[in-house]
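Peer 1: Below are the structure tokens for one structure; questions will follow.
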Amino acid sequence: MVDFLAENNLCGQAVLRIVSCGNAIIAELLRLSEFIPSIFRLKEKTDQQKYGDIICDFSYFKGPEYYEGKLEAKPELQDLDEEFRDNNIEILSRFYFAFESVHKYIVDLNRYLEDLNEGVYIQQTLETVLLNEDGKQLLCEALYLYGVMLLVVDQKMEGEVRERMLVSYYRYSAARSSADSNLDDICKLLRSTGYSSQPGAKRPPNYPESYFQRVPISETFISMVIGRLRSDDIYNQVSAYPLPEHRSTALANQAAMLYVILFFTPSILHTQQAKMREIVDKYFPDNWVISIYMGITVNLLEAWEPYKAAKTALNYTLDQANIREQASRYAGSIDRLKPQLQQFLKEGFLREEIVLDNIPKLLNCLRDCNVAIRWLMLHTAEPAYDPNNKRLRQIKDQVINDSKYSPKILFQLLLDTAQFEFVLKEMFKQMLSEKQLKWENYKEEGSERMTELAEVFSGVKPLTRVEKNENLQAWFREISKQILSLNYEDSTAAGRKTVQLIQALEEVQEFHQLESNLQVCQFLADTRKFLHQMIRTINIKEEVLITMQIIGDLSYAWQLIDSFTSIMQESIRASPSMVTKLRATFLKLASALDLPLLRINQANSPDLLSVSQYYSGELVSYVRKVLQIIPESMFTSLAKIIKLQIHDIMEVPTRLDKDKLRDYAQLGARYEVAKLTHAISIFTEGILMMKTTLVGIIKVDPKQLLEDGIRKELVRRVAFALHKGLIFNPKAKLQTSELMPKLKEMAATMDGFYRSFEYIQDYVSIYGLKIWQEEVSRIINYNVEQECNNFLRTKIQDWQSVYQSTHIPIPKYPPVDESATFIGRLCREILRITDPKVTCYIDQMNTWYDMKTHQEVTNNRLFSEIQDTLGTFGLNGLDRLLCFMIVKELQNFLIMFQKTVLMDRSVLDTLKALMNAVSPVKGIVGNASKVYSTAVAKTQKIWPSYLEAILKVGQMQILRQQIANELNYSCKFDSKHLAAALENLNKSLLADIEAHYQDPSLPYPKEDNTLLYEIAAYLEAAGVHNPLNKIYITTKRLSYFPIVNFLFLVAQLPKLHYNKNQGMTCRKSTDPIDWPPLVLGLLTLLKQFHSRYTEQFLALIGQFIRSLMDQCTSQKIPEMPSDVVGGLMFLEDYVHDTKLPRKVAEAHVPSFIFDEFRTIL
């Protein structure tokens, strides 16, 4: 019969594919369980209020129209719903596909069983498959994996969360419209069971059997599988564990399968006492905590509580005397095994001949160690005992007392066992690879010795006092031939023959009285030794390695090992060389990967890579977590070094008087620094001693591990310092703002980190400056990205962010105020203290003054301080955030313009009347002051909000100019070549683009060319840009836009007056307004629209100035009205800020007025 797993055996391949899929699905479910968006849990009050109406559970399906109607009634809810969809559809689809694959898995399994029954596979029925060794393994696994899948889904993803995700996916995806979608079946299978994995939560009635019966499975199949599991050792594990007391460990995998599968027929658990008694006697006579899949542990006492038959059967195991007996047995075995292991691990003890002579003894020791570790680790595990259950607590206390359990001793035993196993395996692999070569060598040597002896007895070879003996000569010749004829391939016959040869050589020594000649004896003894070595060598079998692999399985500790993390870290801190021992433990843990990957590999499934990457990644993350103690300890020592260097050790001057030498020597402090530095280098040495190791399929390089660890610790500390250091009091007075002191303090902290890093880099052999710049820029860019998320519809999630990393995560702190991060708090504090309502900005001085007290509030030193604290990335990030704020402000402005201007009849009528009064714009308006003041008075109500928006935009533009200025200054200073190269490239690019517009045949960057986009990022970082020229939003045509802006300016002019020293200033501090932000705000607003609007706006101002001047001359008023001065000042500043030629303004106002107006004032 064809091998069941052969390529051409369709029946075997079909079930193998199903099982391989099952393992891959569980890995995907475990992977996804770490990425459940927290919003779906609706834990926070704010989330409930905000998303309560758009996230529903299965109650949605009772009346979808009601829910959708509720959304359609409120436009803001619809908007939120769309935003939510855009942000979550990708992750929802991934979850849905995982849920769908669980359902598809059981459908495929049922279809396979139907095919078997209907005879689709020739000569194969359920019975014949279950008789085949591979067949019964695969069928049992197929059902078991389905059960595990359901348990994993329920444990890792709460029922309510699943329902909310499925409903959201149903609402947002196109799946509901497609005919072949099986969304209804998936919802039926995965609806909430009422189970909660929270400690102390009550178990729902009939759980999990009712959950397991949601998709019916053939009862015959289930009962046959249970029958096989009850009676057979389906994996032939007992051969690896010959001792009867190890039987429950040998059958542990099978026991876990049986535990899961019994829930498919709960009647056995409830009523069939005989069967349950048999199961408990065979699988659970001495254990009650089991691992069901990759370290998911279950306590049978708790799990079988509701089932009468199961509970009764288990009572014998949980009898106090039995618990005491088992616990005491393992306590005794630990005391016996510890010295034994330490003896084996002594340097030089495990030599080749000792290993080969004592294989059974060594394997027995390994078995005992692994069985003891398994029992103690499972039966003392925290997760296995619910602290709210009194009986469980008692059992746990009894186990701990009777087994004299100490986590440290158990961990030490695990370490030694792993080390011993590792050394033995490596030796065996080495011996196996050299086996044939050594055997042949020994054979040659033995044969040569015999030939030499034959020659000795020929009387030709000069060996003292040996008489010629032809019989012996012929006999030794024959023995030599016999040795040469031994065949490596036929090891059994060769072994027998070798034993006979050894006997013959012993006999020849006795019968022919050869003892008297020492040299002959030596030859015979050597040959016998070689023949012994041949027997030993031929006994090196691969079976030993396989047995070691089986007994060394540590998959049950996949999750429990975490409880030993603190012990591992303590021991590393005490002795960094401990890392090399831990390496063996990590490798032992990696053997757990064989369990899920075996079938995937056999099926040649493409999932092999992703599944092995997931489990290997989990393990590597754990290794990183354990070893993170090294960078943590390093940084603690570093902090002490910095403290000593800054506060205690004095700087040695270039010239020093002899008598002052002692004062400057400071030997105590310097000794302390040397001691701490030495400790740091010892730590790094510890991690670097761990050789490059393959963990699963991921290569772990200790140097990279160390660097990542240092980066992680640096990121954690810097991010925390920035978070804590930049929290401001929003109610502080302007002069006593905490901004500058906190920035100075923060700069000192950052400088401390920087100097310590610079100091340490040589002792640890890392590139300190490179790491510092990369990580600090990552922290700042990530925080800017998170802050800007508030302004985005489609938010950038952590797993999408280019700045976030799984190995070196940037911590996320809960917001302290409306800002999400420290960069937002910094930005809002700057905006608060430079608010144009309370400060006035003097452009020539780059300084803000308090309007009431005329005290200086802050100046452009602020930006140099930010540069010192957060570096270029910080300033650049602040600039990006201000851009987002300006965009938001302009969008709000357009909404307001629509509402207050274009939808208000009375305002529109006033604007129409004014339009008629001022046209043609080239002319002069008669009775000007009355026309303008009437229009202003009628539109009075729209100006306050208008003014606020314009001033805010203007204020942010001033800040952006200051930031660009600071960036450009420091760029020219710190990297003059970069600054020069950027300016030249920028000029030449612009010249090329202008030339292209003059003559389209000349080249221009194509659509897919990212040159312009990339150079813009460089230019902004180097401050080579003008924020005033930036287009922030796309706009449509707006009627009356120029005249509304003109009226707005005219309405503001009476609040200002001209001062020779300061330019335009505010008249009354009770009605505050600041001139520079007003001009820049209007300029920015007009820049967003077509240039003809600006043209019309300037023409209206020109007409306003001409008309008022005309009125003055006709009424013979000698001085210039203040509004005219304001208008002229506006034009002058406008031309200056936009860097346009003066002709632009002179087109609307005669040049002599421009030339004269300052002299008249």
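By order in the structure tokens, chains are A, B, ...; within a chain, residues start at 1; ligands start at 1, following the order shown.
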Please run DSSP on the backbone and report, as a list in words, all residues within stretch 690-757 of chain A that come out as strand (DSSP E).
Peer 2: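 Across stretch 690-757 of chain A, those assigned strand (DSSP E) are Thr693, Leu694, Val695, Ile698, Lys699 and Val700 of chain A.
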Peer 1: Would you mind exporting the chosen residues as a compact mmCIF listing (two decimals), in the first residue's frame, restricted to C-alpha atoms?
Peer 2:
```
# COMPACT_ATOMS: atom_id res chain seq x y z
CA THR A 693 22.37 31.92 17.70
CA LEU A 694 19.62 30.75 15.40
CA VAL A 695 16.38 31.06 17.37
CA ILE A 698 15.70 34.26 13.23
CA LYS A 699 19.42 34.78 13.58
CA VAL A 700 20.19 36.54 16.85
```
Peer 1: Just list as number ranges by chain whatever in stretch 1064-1149 of chain A DSSP marks as alpha helix (DSSP H).
Peer 2: A: 1075-1087, 1091-1114, 1122-1138, 1143-1146
Peer 1: Under the rule of at most 8 Å, produce a per-residue listing of stretch 555-616 of chain A near stretch 366-383 of chain A: chain, number, name, the closest pair of atoms, and the distance in Å, as CSV, using only C-alpha atoms.
Peer 2:
```
residue,atom,partner,partner_atom,distance
A:Tyr556,CA,A:Arg374,CA,7.7
A:Ala557,CA,A:Met377,CA,7.7
A:Leu560,CA,A:Ala381,CA,6.9
```
Peer 1: When you draw a straight line from atom CA of A:Gln272 to atom CA of A:Thr312, how long is it in Å?
Peer 2: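 Distance between the two atoms: 10.7 Å.
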Peer 1: Using only C-alpha atoms, which residues sit within 7 Å of A:Val925 once same-chain residues fewer than 4 positions away are excluded, as a list of chain:residue names?
Peer 2: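 Residues near the query, excluding close chain neighbours: A:Ala917, A:Val918, A:Ser1107.
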Peer 1: Can you pull out every residue within 9 Å of stretch 74-77 of chain A, counting only C-alpha atoms, but drop anything in the same chain fewer than 4 positions away, and send it as a PDB file with C-alpha atoms, in the first residue's frame?
Peer 2:
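Result saved to result_7.pdb:
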```
ATOM      1  CA  TYR A  51     -18.091  55.754  19.330  1.00  0.00           C
ATOM      2  CA  ASP A  53     -23.416  54.867  18.365  1.00  0.00           C
ATOM      3  CA  ILE A  54     -21.248  53.545  15.549  1.00  0.00           C
ATOM      4  CA  LYS A  70     -29.809  56.919  13.771  1.00  0.00           C
ATOM      5  CA  ASP A  81     -18.442  56.731  10.936  1.00  0.00           C
ATOM      6  CA  GLU A  82     -16.633  57.350   7.642  1.00  0.00           C
TER       7      GLU A  82
END
```
Peer 1: Quick check, in Å to one decimal: how far apart do atom CA of A:Gln800 and atom CA of A:Cys788 lie?
Peer 2: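 Distance between the two atoms: 14.6 Å.
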Peer 1: List as a tab-separated table (two decimals) with all heavy atoms, in the first residue's frame the protein and nucleic acid residues near A:Lys156, meaning an atom at most 6 Å away when only C-alpha atoms are counted, but skip any in the same chain fewer than 3 places from it.
Peer 2:
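Output file out.tsv follows:
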```
chain	number	residue	atom	x	y	z
A	33	SER	N	-4.29	38.71	18.04
A	33	SER	CA	-4.86	39.06	19.36
A	33	SER	C	-4.07	40.22	19.99
A	33	SER	O	-4.56	40.88	20.89
A	33	SER	CB	-4.85	37.85	20.27
A	33	SER	OG	-3.52	37.48	20.55
A	152	VAL	N	-8.81	29.40	21.67
A	152	VAL	CA	-7.90	30.55	21.53
A	152	VAL	C	-8.69	31.81	21.19
A	152	VAL	O	-8.49	32.88	21.77
A	152	VAL	CB	-6.83	30.27	20.44
A	152	VAL	CG1	-6.14	31.56	20.00
A	152	VAL	CG2	-5.80	29.29	20.96
A	153	VAL	N	-9.64	31.66	20.24
A	153	VAL	CA	-10.46	32.82	19.87
A	153	VAL	C	-11.15	33.38	21.11
A	153	VAL	O	-11.17	34.60	21.35
A	153	VAL	CB	-11.52	32.43	18.81
A	153	VAL	CG1	-12.58	33.50	18.68
A	153	VAL	CG2	-10.86	32.20	17.48
```
Peer 1: Can you work out the spacing between atom CA of A:Lys1036 and atom CA of A:Lys1087 in Å, to one decimal?
Peer 2: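 Computing it gives 13.0 Å between the two atoms.
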Peer 1: Name all residues at most 8 Å from A:Lys691 (count only C-alpha atoms; drop same-chain ones fewer than 5 positions away) and give them as a list in words.
Peer 2: Thr580, Asp701 and Pro702 of chain A
Peer 1: I need the residues from that last selection saved to file as an mmCIF file, in the first residue's frame (with N, CA and C atoms), if you can.
Peer 2:
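Contents of the output file again_10.cif:
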```cif
data_model
loop_
_atom_site.group_PDB
_atom_site.id
_atom_site.type_symbol
_atom_site.label_atom_id
_atom_site.label_comp_id
_atom_site.auth_asym_id
_atom_site.auth_seq_id
_atom_site.Cartn_x
_atom_site.Cartn_y
_atom_site.Cartn_z
ATOM 1 N N THR A 580 25.619 33.243 28.760
ATOM 2 C CA THR A 580 25.989 32.081 27.939
ATOM 3 C C THR A 580 25.180 30.857 28.354
ATOM 4 N N ASP A 701 22.032 38.075 16.636
ATOM 5 C CA ASP A 701 23.419 38.493 16.752
ATOM 6 C C ASP A 701 23.558 39.283 18.054
ATOM 7 N N PRO A 702 24.420 38.810 18.984
ATOM 8 C CA PRO A 702 24.470 39.480 20.297
ATOM 9 C C PRO A 702 24.843 40.959 20.209
#
```
Peer 1: Nearest to A:Glu34 among A:Trp304, A:Phe791, A:Phe1089, A:Trp799, with distances taken over only C-alpha atoms: which residue is it?
Peer 2: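 Checking each candidate against A:Glu34, we get A:Trp799 as the closest.
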Peer 1: Once you count only C-alpha atoms, what closest atom pair and distance in Å to one decimal does each residue of stretch 67-182 of chain A within 9 Å of stretch 216-220 of chain A have, with rows by chain and rising residue number, as a tab-separated table?
Peer 2:
```
residue	atom	partner	partner_atom	distance
A:Ile106	CA	A:Ile217	CA	8.5
A:Leu109	CA	A:Ile217	CA	8.9
A:Asn110	CA	A:Ile217	CA	6.6
A:Leu113	CA	A:Ser218	CA	8.0
A:Glu114	CA	A:Ser218	CA	9.0
```
Peer 1: Restricting the output to N, CA and C atoms, write the selected residues as a PDB file, in the first residue's frame.
Peer 2:
```pdb
ATOM      1  N   ILE A 106     -13.414  24.096   9.525  1.00  0.00           N
ATOM      2  CA  ILE A 106     -14.319  23.022   9.968  1.00  0.00           C
ATOM      3  C   ILE A 106     -15.187  22.546   8.805  1.00  0.00           C
ATOM      4  N   LEU A 109     -12.991  20.167   6.959  1.00  0.00           N
ATOM      5  CA  LEU A 109     -12.838  18.900   7.684  1.00  0.00           C
ATOM      6  C   LEU A 109     -14.098  18.037   7.509  1.00  0.00           C
ATOM      7  N   ASN A 110     -15.269  18.671   7.641  1.00  0.00           N
ATOM      8  CA  ASN A 110     -16.526  17.918   7.459  1.00  0.00           C
ATOM      9  C   ASN A 110     -16.637  17.358   6.046  1.00  0.00           C
ATOM     10  N   LEU A 113     -14.496  14.301   5.716  1.00  0.00           N
ATOM     11  CA  LEU A 113     -15.100  13.117   6.349  1.00  0.00           C
ATOM     12  C   LEU A 113     -16.224  12.556   5.469  1.00  0.00           C
ATOM     13  N   GLU A 114     -16.997  13.464   4.852  1.00  0.00           N
ATOM     14  CA  GLU A 114     -18.062  13.003   3.936  1.00  0.00           C
ATOM     15  C   GLU A 114     -17.453  12.246   2.763  1.00  0.00           C
TER      16      GLU A 114
END
```
Peer 1: Counting only C-alpha atoms, figure out which residue out of A:Tyr488, A:Phe411, A:Tyr211, A:Phe635 gets nearest to A:Leu582.
Peer 2: A:Phe411
Peer 1: For stretch 443-457 of chain A, work out the shell of residues within 6 Å, counting only C-alpha atoms and skipping chain neighbours fewer than 3 positions away, then give it as number ranges by chain.
Peer 2: A: 440, 461, 468-469, 473, 476-477, 480, 483, 527, 530
Peer 1: Take the residues just selected and output them with C-alpha atoms as a PDB file, in the first residue's frame.
Peer 2:
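Generated output (part.pdb):
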```pdb
ATOM      1  CA  GLU A 440      37.684   3.223   9.407  1.00  0.00           C
ATOM      2  CA  LYS A 461      61.644  -8.103  12.478  1.00  0.00           C
ATOM      3  CA  LYS A 468      60.173 -17.458  15.072  1.00  0.00           C
ATOM      4  CA  ASN A 469      56.685 -19.017  15.157  1.00  0.00           C
ATOM      5  CA  GLN A 473      52.587 -15.540  12.173  1.00  0.00           C
ATOM      6  CA  PHE A 476      47.991 -12.867  13.204  1.00  0.00           C
ATOM      7  CA  ARG A 477      47.954 -12.410   9.395  1.00  0.00           C
ATOM      8  CA  SER A 480      44.548  -8.685  10.319  1.00  0.00           C
ATOM      9  CA  ILE A 483      39.710  -6.880  10.850  1.00  0.00           C
ATOM     10  CA  THR A 527      44.439  -3.732  19.089  1.00  0.00           C
ATOM     11  CA  PHE A 530      40.880  -0.168  18.841  1.00  0.00           C
TER      12      PHE A 530
END
```
Peer 1: Which of these residues is nearest to A:Ser328, using only C-alpha atoms: A:Lys660, A:Leu392, A:Ser403, A:Val931?
Peer 2: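 Nearest candidate to A:Ser328 out of A:Lys660, A:Leu392, A:Ser403, A:Val931: A:Ser403.
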Peer 1: Select, from A:Arg599, A:Arg351, A:Lys425, A:Lys346, the residue with the minimum atom-to-atom distance to A:Gly552, counting only C-alpha atoms.
Peer 2: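 When distances to A:Gly552 are compared using only C-alpha atoms, the smallest one comes from A:Lys425.
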Peer 1: Nearest to A:Arg247: which of A:Leu269, A:Asn287, A:Phe1041, A:Ala995 is it, counting only C-alpha atoms?
Peer 2: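 Residue with the minimum atom-to-atom distance to A:Arg247: A:Asn287.
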Peer 1: Against stretch 180-196 of chain A, which residues of stretch 1-81 of chain A fall within 12 Å? For each one I want the closest pair of atoms and the distance in Å (one decimal), counting only C-alpha atoms, rows by chain and increasing residue number, as CSV.
Peer 2:
```
residue,atom,partner,partner_atom,distance
A:Asp57,CA,A:Arg191,CA,9.3
A:Phe58,CA,A:Arg191,CA,7.8
A:Ser59,CA,A:Arg191,CA,11.0
A:Phe61,CA,A:Asp184,CA,10.3
```
Peer 1: Produce a file of the selected residues containing C-alpha atoms, as a PDB file, in the first residue's frame.
Peer 2:
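Output saved as again_30.pdb:
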```pdb
ATOM      1  CA  ASP A  57     -22.655  44.146  18.767  1.00  0.00           C
ATOM      2  CA  PHE A  58     -24.972  41.515  17.207  1.00  0.00           C
ATOM      3  CA  SER A  59     -28.045  43.418  18.456  1.00  0.00           C
ATOM      4  CA  PHE A  61     -28.777  42.475  13.158  1.00  0.00           C
TER       5      PHE A  61
END
```
